[in-house]
file my_file-v7.cif (mmCIF, C-alpha atoms)
data_target
loop_
_atom_site.label_atom_id
_atom_site.label_comp_id
_atom_site.auth_asym_id
_atom_site.auth_seq_id
_atom_site.Cartn_x
_atom_site.Cartn_y
_atom_site.Cartn_z
CA MET G 1 -17.05 -6.71 -17.36
CA ALA G 2 -18.78 -6.25 -20.68
CA ALA G 3 -19.00 -9.27 -22.94
CA PHE G 4 -16.49 -9.42 -25.80
CA PRO G 5 -17.64 -9.79 -29.39
CA SER G 6 -17.64 -13.17 -31.09
CA VAL G 7 -15.00 -13.93 -33.72
CA SER G 8 -17.46 -13.23 -36.50
CA ALA G 9 -18.42 -9.90 -34.97
CA ALA G 10 -14.79 -8.96 -34.45
CA ARG G 11 -14.14 -9.45 -38.18
CA THR G 12 -16.99 -7.19 -39.24
CA ARG G 13 -15.63 -4.15 -41.09
CA PRO G 14 -15.91 -1.08 -38.79
CA ARG G 15 -18.11 1.74 -39.95
CA PRO G 16 -16.43 5.11 -40.61
CA ILE G 17 -18.45 6.83 -37.85
CA LEU G 18 -17.34 4.22 -35.32
CA LEU G 19 -13.71 4.75 -36.34
CA LEU G 20 -14.09 8.48 -35.75
CA VAL G 21 -15.60 7.89 -32.30
CA LEU G 22 -12.81 5.49 -31.35
CA ALA G 23 -10.16 7.90 -32.58
CA ALA G 24 -11.72 10.73 -30.59
CA SER G 25 -11.73 8.53 -27.47
CA VAL G 26 -8.02 7.72 -27.88
CA VAL G 27 -7.19 11.40 -28.32
CA ALA G 28 -9.21 12.29 -25.21
CA VAL G 29 -7.34 9.72 -23.10
CA ALA G 30 -4.01 11.01 -24.41
CA VAL G 31 -4.91 14.63 -23.62
CA LEU G 32 -5.97 13.70 -20.09
CA ALA G 33 -2.72 11.79 -19.55
CA ARG G 34 -0.64 14.76 -20.75
CA GLY G 35 -2.63 17.04 -18.44
CA ALA G 36 -1.90 14.81 -15.46
CA ARG G 37 1.83 14.78 -16.22
CA ALA G 38 1.84 18.56 -16.57
CA GLN G 39 0.32 19.09 -13.10
CA LEU G 40 2.38 16.50 -11.19
CA SER G 41 6.02 17.06 -10.35
CA ALA G 42 8.67 15.04 -8.50
CA GLY G 43 9.68 18.23 -6.68
CA PHE G 44 6.17 19.23 -5.65
CA TYR G 45 7.00 19.19 -1.91
CA SER G 46 10.61 20.39 -2.16
CA ALA G 47 9.73 23.65 -0.38
CA SER G 48 6.54 22.81 1.54
CA CYS G 49 7.55 19.39 2.96
CA PRO G 50 11.11 18.39 2.02
CA THR G 51 11.21 15.61 4.64
CA VAL G 52 8.31 13.62 3.18
CA HIS G 53 10.53 11.22 1.22
CA GLY G 54 12.60 10.36 4.28
CA ALA G 55 9.54 9.86 6.45
CA VAL G 56 7.95 7.46 3.97
CA ARG G 57 11.19 5.54 3.52
CA GLN G 58 11.77 5.19 7.24
CA VAL G 59 8.35 3.72 7.99
CA MET G 60 8.42 1.46 4.94
CA SER G 61 11.90 0.15 5.77
CA GLN G 62 10.76 -0.93 9.22
CA ALA G 63 7.49 -2.38 7.92
CA VAL G 64 9.20 -4.52 5.26
CA LEU G 65 11.84 -5.60 7.76
CA ASN G 66 9.08 -6.77 10.11
CA ASP G 67 7.14 -8.57 7.36
CA THR G 68 8.27 -8.75 3.73
CA ARG G 69 4.64 -9.30 2.66
CA THR G 70 3.99 -5.67 3.57
CA GLY G 71 5.84 -4.51 0.46
CA ALA G 72 3.58 -6.52 -1.84
CA ALA G 73 0.52 -5.38 0.15
CA ILE G 74 1.29 -1.68 -0.32
CA LEU G 75 1.96 -2.20 -4.02
CA ARG G 76 -1.43 -3.91 -4.33
CA LEU G 77 -3.12 -0.99 -2.57
CA PHE G 78 -1.62 1.41 -5.10
CA PHE G 79 -2.83 -0.68 -8.05
CA HIS G 80 -6.32 -1.10 -6.65
CA ASP G 81 -6.58 2.59 -5.80
CA CYS G 82 -5.43 3.85 -9.20
CA PHE G 83 -7.72 1.50 -11.15
CA VAL G 84 -10.82 3.01 -9.53
CA ASN G 85 -11.28 6.64 -10.64
CA GLY G 86 -7.53 7.24 -10.62
CA CYS G 87 -4.87 7.58 -7.91
CA ASP G 88 -6.91 9.51 -5.34
CA ALA G 89 -6.62 7.43 -2.12
CA SER G 90 -10.33 6.58 -2.27
CA LEU G 91 -9.42 2.99 -1.38
CA LEU G 92 -8.06 4.15 1.99
CA LEU G 93 -11.42 5.44 3.20
CA ASP G 94 -13.13 3.28 5.82
CA ASP G 95 -16.76 2.21 5.53
CA THR G 96 -19.16 4.41 7.47
CA ALA G 97 -22.71 3.82 8.68
CA THR G 98 -24.04 5.65 5.62
CA THR G 99 -21.28 5.22 3.00
CA PRO G 100 -19.77 1.85 2.09
CA GLY G 101 -16.14 2.06 1.10
CA GLU G 102 -13.95 0.25 -1.42
CA LYS G 103 -12.14 -1.88 1.18
CA SER G 104 -15.06 -4.30 1.44
CA SER G 105 -16.03 -4.24 -2.23
CA GLY G 106 -15.15 -6.62 -5.06
CA PRO G 107 -11.63 -8.10 -5.01
CA ASN G 108 -10.75 -5.96 -1.97
CA ALA G 109 -13.19 -7.82 0.29
CA GLY G 110 -12.32 -10.54 2.74
CA GLY G 111 -9.03 -9.08 3.89
CA SER G 112 -7.32 -9.50 0.50
CA THR G 113 -6.03 -5.93 0.81
CA PHE G 114 -4.07 -4.93 3.89
CA GLY G 115 -1.30 -2.58 4.91
CA PHE G 116 -3.61 0.33 5.70
CA ASP G 117 -2.01 0.66 9.13
CA VAL G 118 1.36 1.27 7.49
CA ILE G 119 -0.07 4.17 5.50
CA ASP G 120 -1.60 5.48 8.75
CA ASN G 121 1.83 5.38 10.40
CA ILE G 122 3.40 7.28 7.53
CA LYS G 123 0.62 9.87 7.57
CA THR G 124 1.14 10.42 11.32
CA GLN G 125 4.86 11.06 10.77
CA VAL G 126 4.27 13.36 7.82
CA GLU G 127 1.51 15.34 9.56
CA ALA G 128 3.80 15.92 12.54
CA ALA G 129 6.39 17.50 10.25
CA CYS G 130 4.15 19.13 7.63
CA PRO G 131 0.54 19.42 8.80
CA GLY G 132 -2.09 19.57 6.09
CA ILE G 133 0.40 19.55 3.19
CA VAL G 134 0.90 16.02 1.81
CA SER G 135 -2.00 14.02 0.42
CA CYS G 136 -2.69 10.40 1.26
CA ALA G 137 -2.64 9.68 -2.49
CA ASP G 138 0.95 10.92 -2.74
CA ILE G 139 1.96 9.01 0.39
CA LEU G 140 0.62 5.81 -1.16
CA ALA G 141 2.48 6.48 -4.43
CA LEU G 142 5.77 7.03 -2.57
CA ALA G 143 5.19 3.99 -0.35
CA ALA G 144 4.58 1.79 -3.41
CA ARG G 145 7.86 2.95 -4.97
CA ASP G 146 9.78 2.30 -1.76
CA SER G 147 8.13 -1.12 -1.37
CA VAL G 148 9.49 -2.19 -4.74
CA ASN G 149 12.96 -0.81 -4.06
CA LEU G 150 13.23 -2.30 -0.56
CA LEU G 151 12.46 -5.75 -2.01
CA GLY G 152 15.31 -5.40 -4.51
CA GLY G 153 13.52 -3.72 -7.39
CA PRO G 154 14.09 -0.39 -9.15
CA SER G 155 13.49 3.11 -7.85
CA TRP G 156 12.16 6.13 -9.73
CA ALA G 157 11.25 9.78 -9.23
CA VAL G 158 7.56 9.78 -8.29
CA PRO G 159 5.54 12.66 -9.77
CA LEU G 160 3.64 14.29 -6.89
CA GLY G 161 0.86 16.80 -6.35
CA ARG G 162 -2.19 14.56 -6.15
CA ARG G 163 -5.11 15.41 -3.88
CA ASP G 164 -7.46 13.05 -2.07
CA ALA G 165 -10.96 11.97 -3.05
CA THR G 166 -13.82 13.04 -0.81
CA ALA G 167 -15.85 9.87 -1.40
CA PRO G 168 -15.18 6.19 -2.19
CA ASP G 169 -16.50 4.30 -5.20
CA PRO G 170 -17.43 0.77 -4.10
CA ASP G 171 -19.14 0.06 -7.42
CA GLY G 172 -15.94 0.96 -9.26
CA ALA G 173 -13.98 -1.42 -7.05
CA ARG G 174 -16.15 -4.29 -8.28
CA THR G 175 -14.80 -3.75 -11.81
CA LEU G 176 -11.13 -4.26 -10.91
CA PRO G 177 -9.41 -6.72 -13.30
CA GLY G 178 -9.83 -10.23 -11.91
CA PRO G 179 -7.55 -13.28 -11.86
CA ASP G 180 -9.58 -15.20 -14.46
CA LEU G 181 -9.46 -12.62 -17.26
CA ASP G 182 -8.05 -13.57 -20.65
CA LEU G 183 -5.52 -11.42 -22.51
CA ALA G 184 -8.11 -9.51 -24.54
CA ALA G 185 -10.00 -8.51 -21.39
CA LEU G 186 -6.78 -7.48 -19.63
CA VAL G 187 -5.68 -5.34 -22.55
CA SER G 188 -9.12 -3.73 -22.67
CA ALA G 189 -9.11 -3.00 -18.92
CA PHE G 190 -5.71 -1.33 -19.11
CA ALA G 191 -6.59 0.60 -22.27
CA ALA G 192 -9.62 2.03 -20.46
CA LYS G 193 -7.13 3.67 -18.08
CA GLY G 194 -4.93 4.97 -20.88
CA LEU G 195 -2.37 2.20 -20.34
CA THR G 196 -0.77 0.13 -23.10
CA SER G 197 -0.11 -3.57 -23.55
CA ARG G 198 3.51 -2.85 -22.60
CA ASP G 199 2.28 -1.30 -19.34
CA LEU G 200 0.18 -4.42 -18.77
CA ALA G 201 3.14 -6.74 -19.31
CA ALA G 202 5.49 -4.68 -17.14
CA LEU G 203 3.09 -3.96 -14.27
CA SER G 204 2.05 -7.61 -14.08
CA GLY G 205 5.64 -8.24 -13.02
CA ALA G 206 4.57 -6.97 -9.58
CA HIS G 207 3.38 -10.56 -9.14
CA THR G 208 7.00 -11.50 -8.54
CA VAL G 209 6.13 -10.81 -4.89
CA GLY G 210 3.04 -11.48 -2.81
CA MET G 211 0.55 -14.29 -2.34
CA ALA G 212 -2.75 -15.42 -3.85
CA ARG G 213 -5.65 -17.29 -2.29
CA CYS G 214 -6.68 -20.74 -3.46
CA VAL G 215 -10.05 -19.43 -4.65
CA GLN G 216 -8.20 -17.13 -7.07
CA PHE G 217 -6.17 -19.85 -8.81
CA ARG G 218 -8.14 -23.08 -8.30
CA THR G 219 -9.82 -23.06 -11.72
CA HIS G 220 -6.51 -22.35 -13.45
CA VAL G 221 -4.52 -25.21 -11.89
CA TYR G 222 -7.36 -27.72 -12.16
CA CYS G 223 -8.91 -26.89 -15.53
CA ASP G 224 -6.59 -24.96 -17.86
CA ALA G 225 -4.46 -26.70 -20.47
CA ASN G 226 -1.62 -24.17 -20.54
CA VAL G 227 -0.30 -25.06 -17.07
CA SER G 228 2.82 -27.11 -16.45
CA PRO G 229 1.60 -30.51 -15.11
CA ALA G 230 4.28 -30.51 -12.42
CA PHE G 231 3.36 -26.99 -11.32
CA ALA G 232 -0.36 -27.79 -11.33
CA SER G 233 0.25 -30.88 -9.20
CA GLN G 234 2.26 -28.85 -6.71
CA GLN G 235 -0.43 -26.18 -6.40
CA ARG G 236 -3.21 -28.76 -5.99
CA GLN G 237 -1.50 -29.92 -2.80
CA LEU G 238 -1.98 -26.40 -1.42
CA CYS G 239 -5.40 -25.84 -2.95
CA PRO G 240 -7.97 -28.67 -2.80
CA ALA G 241 -10.65 -29.01 -5.45
CA SER G 242 -13.19 -27.84 -2.87
CA GLY G 243 -12.73 -26.05 0.42
CA GLY G 244 -9.60 -24.29 1.59
CA ASP G 245 -10.46 -21.13 -0.33
CA ALA G 246 -8.24 -18.98 1.90
CA SER G 247 -5.12 -21.17 1.56
CA LEU G 248 -2.22 -19.08 0.29
CA ALA G 249 0.44 -19.74 -2.33
CA PRO G 250 3.27 -17.45 -3.46
CA LEU G 251 2.79 -15.83 -6.86
CA ASP G 252 6.48 -16.52 -7.53
CA PRO G 253 7.44 -19.72 -5.67
CA LEU G 254 11.16 -19.48 -6.50
CA THR G 255 11.92 -16.02 -5.07
CA PRO G 256 8.70 -14.99 -3.31
CA ASN G 257 10.26 -12.13 -1.32
CA GLU G 258 12.49 -10.65 -4.02
CA PHE G 259 11.42 -8.15 -6.63
CA ASP G 260 13.11 -9.68 -9.68
CA ASN G 261 12.23 -11.02 -13.13
CA GLY G 262 11.52 -14.56 -11.89
CA TYR G 263 7.80 -14.05 -12.60
CA TYR G 264 8.48 -14.01 -16.35
CA ARG G 265 10.68 -17.10 -16.22
CA ASN G 266 7.80 -18.83 -14.45
CA LEU G 267 5.39 -17.85 -17.22
CA MET G 268 7.70 -19.29 -19.88
CA SER G 269 7.66 -22.65 -18.08
CA GLY G 270 3.87 -22.68 -17.66
CA ALA G 271 4.07 -21.81 -13.97
CA GLY G 272 1.94 -18.69 -13.78
CA LEU G 273 -0.21 -19.04 -10.66
CA LEU G 274 -3.22 -17.08 -11.92
CA ARG G 275 -4.96 -17.57 -15.24
CA SER G 276 -4.44 -13.84 -15.90
CA ASP G 277 -0.70 -14.34 -15.34
CA GLN G 278 -0.30 -17.21 -17.77
CA GLU G 279 -2.38 -15.36 -20.37
CA LEU G 280 0.62 -13.07 -20.84
CA PHE G 281 2.54 -16.01 -22.30
CA ASN G 282 0.01 -18.04 -24.23
CA ASN G 283 0.82 -17.52 -27.91
CA GLY G 284 -0.45 -13.95 -27.71
CA ALA G 285 0.56 -10.38 -28.44
CA VAL G 286 2.76 -9.88 -25.36
CA ASP G 287 4.74 -13.14 -25.55
CA SER G 288 7.70 -11.18 -26.90
CA LEU G 289 7.72 -8.89 -23.86
CA VAL G 290 7.66 -11.86 -21.49
CA ARG G 291 10.68 -13.27 -23.34
CA LEU G 292 12.45 -9.91 -23.14
CA TYR G 293 11.85 -9.43 -19.41
CA SER G 294 12.78 -13.02 -18.56
CA ALA G 295 16.14 -12.64 -20.30
CA ASN G 296 16.88 -9.01 -19.46
CA PRO G 297 16.27 -7.89 -15.85
CA ALA G 298 17.39 -4.34 -16.66
CA ALA G 299 14.76 -4.03 -19.39
CA PHE G 300 12.09 -5.20 -16.96
CA SER G 301 13.21 -2.78 -14.24
CA ALA G 302 13.24 0.17 -16.65
CA ASP G 303 9.83 -0.64 -18.11
CA PHE G 304 8.30 -1.35 -14.70
CA ALA G 305 9.45 2.02 -13.36
CA ALA G 306 8.12 3.83 -16.44
CA SER G 307 4.80 2.00 -16.24
CA MET G 308 4.42 2.77 -12.53
CA ILE G 309 4.73 6.45 -13.42
CA ASN G 310 2.11 5.95 -16.14
CA LEU G 311 -0.18 4.22 -13.64
CA GLY G 312 0.34 7.04 -11.15
CA ASN G 313 -0.75 9.52 -13.80
CA VAL G 314 -4.21 7.95 -14.15
CA SER G 315 -6.80 10.66 -13.45
CA PRO G 316 -5.23 12.32 -10.39
CA LEU G 317 -7.10 15.05 -8.55
CA THR G 318 -5.01 18.23 -8.68
CA GLY G 319 -5.35 21.97 -8.11
CA ALA G 320 -8.52 22.76 -6.17
CA SER G 321 -10.10 19.32 -6.72
CA GLY G 322 -10.50 16.98 -3.77
CA GLU G 323 -8.77 17.74 -0.48
CA ILE G 324 -5.68 17.02 1.60
CA ARG G 325 -7.01 14.50 4.09
CA LEU G 326 -5.78 14.84 7.66
CA ASP G 327 -6.66 11.19 8.34
CA CYS G 328 -6.36 8.82 5.40
CA ARG G 329 -9.30 6.74 6.65
CA LYS G 330 -11.91 9.51 6.60
CA VAL G 331 -12.74 12.70 4.76
CA ASN G 332 -12.13 16.01 6.51
CA SER G 333 -15.06 17.28 8.57
#
call {"tool": "encode", "arguments": {"input": "my_file-v7.cif", "output": "structure tokens"}}
result
Amino acid sequence: MAAFPSVSAARTRPRPILLLVLAASVVAVAVLARGARAQLSAGFYSASCPTVHGAVRQVMSQAVLNDTRTGAAILRLFFHDCFVNGCDASLLLDDTATTPGEKSSGPNAGGSTFGFDVIDNIKTQVEAACPGIVSCADILALAARDSVNLLGGPSWAVPLGRRDATAPDPDGARTLPGPDLDLAALVSAFAAKGLTSRDLAALSGAHTVGMARCVQFRTHVYCDANVSPAFASQQRQLCPASGGDASLAPLDPLTPNEFDNGYYRNLMSGAGLLRSDQELFNNGAVDSLVRLYSANPAAFSADFAASMINLGNVSPLTGASGEIRLDCRKVNS
């Protein structure tokens, strides 16, 4: 991550040329986003593979029934895929002898991302019905939607028509937003993908399910002043000051397997597990959204669904770009 300017530098009056460059950048991001929306369609496979939705739902239903953590895992895969060069299934590619993949790079390393076998199972089912038609990127987008819905969250019409990347980007994976970022860095990371502060606040609600490792939240519960003392004490029992890096804690301890608005209620009581979580309610610009979502589950569900569509529109490969992978773990030969 690039360093942020000091307070004095931030107050320096921008030069007119810089304002023009920034404005041009914002326009470019907006044009790219509109282009993505124009090329993706919820009915993309209505003629070529009408059974794809049912196939994805069937496999996901069984996977979540077997292990509720699978839903959170698939949602995490979608986030981590889309934040590196867009939603192109590059994350799903295995390392090879000559090409390192994204699975072992940055925050993805050490087994922190899993659920790849579930995507493989879906791909097998879809290929049997519609060979060479549906991309792995679209399968992941549908699986993420169904993960949320199966855990009690909203559903939405997923725009489809993405194609798959032909190479991973392990260097890009190292720049994924981390758990220790402050609000300014989070806003900047999302803006770089054409996403707003509202998208940031809504999409962070995905942390109402899933787990985090001790190494990801140790500094927050031991050192930060904006943590509830009772919550910090509880987490320190799970996460020692040294050692135990892989010990797990639920991101939402009250309803860890339900996709609800409990995450925002936790933030308002100083019980955000990650520093980047609690930054959303820390006398900052998105405090009002945290209050809204904590009091109004319907508002959270609506905004989360809309923001997932926005995330899915980040730089997709369409048309003749990329390929339709036959095996999500490797490029076509």
call {"tool": "residues_around", "arguments": {"input": "my_file-v7.cif", "residues": "Pro316 in chain G", "least_positions_apart": "6", "cutoff": "7 Å", "atoms": "only C-alpha atoms", "output": "PyMOL selection string"}}
result
chain G and resi 36+86-88+162
call {"tool": "residues_near_point", "arguments": {"input": "my_file-v7.cif", "point": "(-5.5, 3.4, -16.0)", "cutoff": "12 Å", "atoms": "all atoms listed in the file", "output": "PyMOL selection string"}}
result
chain G and resi 29-30+32-33+36+78-87+176-177+186-197+199-200+203+307-316
call {"tool": "closest_residue", "arguments": {"input": "my_file-v7.cif", "among": "G:Arg329, G:Arg145, G:Arg291, G:Lys103", "to": "Arg174 in chain G", "atoms": "all atoms listed in the file"}}
result
G:Lys103
call {"tool": "atom_distance", "arguments": {"input": "my_file-v7.cif", "atom1": "CA of Ala201 in chain G", "atom2": "CA of His53 in chain G"}}
result
28.3 Å
call {"tool": "resolve_selection", "arguments": {"input": "my_file-v7.cif", "expression": "the PyMOL selection byres ((chain G and resi 133) around 8)", "output": "PyMOL selection string"}}
result
chain G and resi 48-49+127+130-132+134-135+324
call {"tool": "closest_residue", "arguments": {"input": "my_file-v7.cif", "among": "G:Ala165, G:Ala285, G:Leu160, G:Val290", "to": "Asn266 in chain G", "atoms": "all atoms listed in the file"}}
result
G:Val290
call {"tool": "atom_distance", "arguments": {"input": "my_file-v7.cif", "atom1": "CA of Ser147 in chain G", "atom2": "CA of Ser112 in chain G"}}
result
17.7 Å
call {"tool": "closest_residue", "arguments": {"input": "my_file-v7.cif", "among": "G:Ala167, G:Ala305, G:Ala63, G:Ala72", "to": "Asp117 in chain G", "atoms": "all atoms listed in the file"}}
result
G:Ala63
call {"tool": "atom_distance", "arguments": {"input": "my_file-v7.cif", "atom1": "CA of Ala173 in chain G", "atom2": "CA of Arg325 in chain G"}}
result
20.6 Å
call {"tool": "residues_around", "arguments": {"input": "my_file-v7.cif", "residues": "Thr99 in chain G", "least_positions_apart": "3", "cutoff": "9 Å", "atoms": "all atoms listed in the file", "output": "count of residues only"}}
result
5
call {"tool": "residues_around", "arguments": {"input": "my_file-v7.cif", "residues": "Ser104 in chain G", "least_positions_apart": "5", "cutoff": "8 Å", "atoms": "only C-alpha atoms", "output": "PyMOL selection string"}}
result
chain G and resi 95+109-110+170
call {"tool": "resolve_selection", "arguments": {"input": "my_file-v7.cif", "expression": "the PyMOL selection byres ((chain G and resi 125) around 10)", "output": "count of residues only"}}
result
18
call {"tool": "resolve_selection", "arguments": {"input": "my_file-v7.cif", "expression": "the PyMOL selection byres ((chain G and resi 206) around 10)", "output": "NGL selection string"}}
result
:G and (72 or 75-76 or 79 or 148 or 153 or 201-205 or 207-210 or 251-252 or 259-261 or 263 or 304)
call {"tool": "residues_around", "arguments": {"input": "my_file-v7.cif", "residues": "Phe114 in chain G", "least_positions_apart": "2", "cutoff": "8 Å", "atoms": "only C-alpha atoms", "output": "NGL selection string"}}
result
:G and (73-74 or 77 or 111-112 or 116-117)
call {"tool": "build_atoms", "arguments": {"input": "my_file-v7.cif", "residues": "range 71-82 of chain G", "atoms": "N, CA, C and O atoms", "output": "short mmCIF file (atom, residue, chain, number, x, y, z; two decimals), keeping the file's coordinate frame"}}
result
data_model
loop_
_atom_site.label_atom_id
_atom_site.label_comp_id
_atom_site.auth_asym_id
_atom_site.auth_seq_id
_atom_site.Cartn_x
_atom_site.Cartn_y
_atom_site.Cartn_z
N GLY G 71 5.48 -5.18 1.71
CA GLY G 71 5.84 -4.51 0.46
C GLY G 71 4.86 -4.83 -0.65
O GLY G 71 4.37 -3.93 -1.36
N ALA G 72 4.54 -6.11 -0.82
CA ALA G 72 3.58 -6.52 -1.84
C ALA G 72 2.20 -5.96 -1.54
O ALA G 72 1.45 -5.57 -2.45
N ALA G 73 1.84 -5.89 -0.24
CA ALA G 73 0.52 -5.38 0.15
C ALA G 73 0.35 -3.92 -0.24
O ALA G 73 -0.70 -3.52 -0.76
N ILE G 74 1.37 -3.11 0.01
CA ILE G 74 1.29 -1.68 -0.32
C ILE G 74 1.23 -1.49 -1.83
O ILE G 74 0.48 -0.63 -2.34
N LEU G 75 1.99 -2.28 -2.56
CA LEU G 75 1.96 -2.20 -4.02
C LEU G 75 0.57 -2.54 -4.54
O LEU G 75 0.04 -1.89 -5.45
N ARG G 76 -0.06 -3.53 -3.94
CA ARG G 76 -1.43 -3.91 -4.33
C ARG G 76 -2.42 -2.79 -4.03
O ARG G 76 -3.32 -2.51 -4.84
N LEU G 77 -2.24 -2.11 -2.89
CA LEU G 77 -3.12 -0.99 -2.57
C LEU G 77 -3.02 0.09 -3.63
O LEU G 77 -4.04 0.67 -4.04
N PHE G 78 -1.81 0.38 -4.09
CA PHE G 78 -1.62 1.41 -5.10
C PHE G 78 -2.33 1.02 -6.40
O PHE G 78 -3.04 1.84 -7.01
N PHE G 79 -2.15 -0.21 -6.84
CA PHE G 79 -2.83 -0.68 -8.05
C PHE G 79 -4.34 -0.55 -7.92
O PHE G 79 -5.02 -0.02 -8.80
N HIS G 80 -4.86 -1.07 -6.82
CA HIS G 80 -6.32 -1.10 -6.65
C HIS G 80 -6.90 0.30 -6.45
O HIS G 80 -8.07 0.53 -6.77
N ASP G 81 -6.11 1.21 -5.93
CA ASP G 81 -6.58 2.59 -5.80
C ASP G 81 -6.62 3.26 -7.18
O ASP G 81 -7.63 3.86 -7.55
N CYS G 82 -5.53 3.14 -7.92
CA CYS G 82 -5.43 3.85 -9.20
C CYS G 82 -6.42 3.34 -10.24
O CYS G 82 -6.84 4.09 -11.12
#
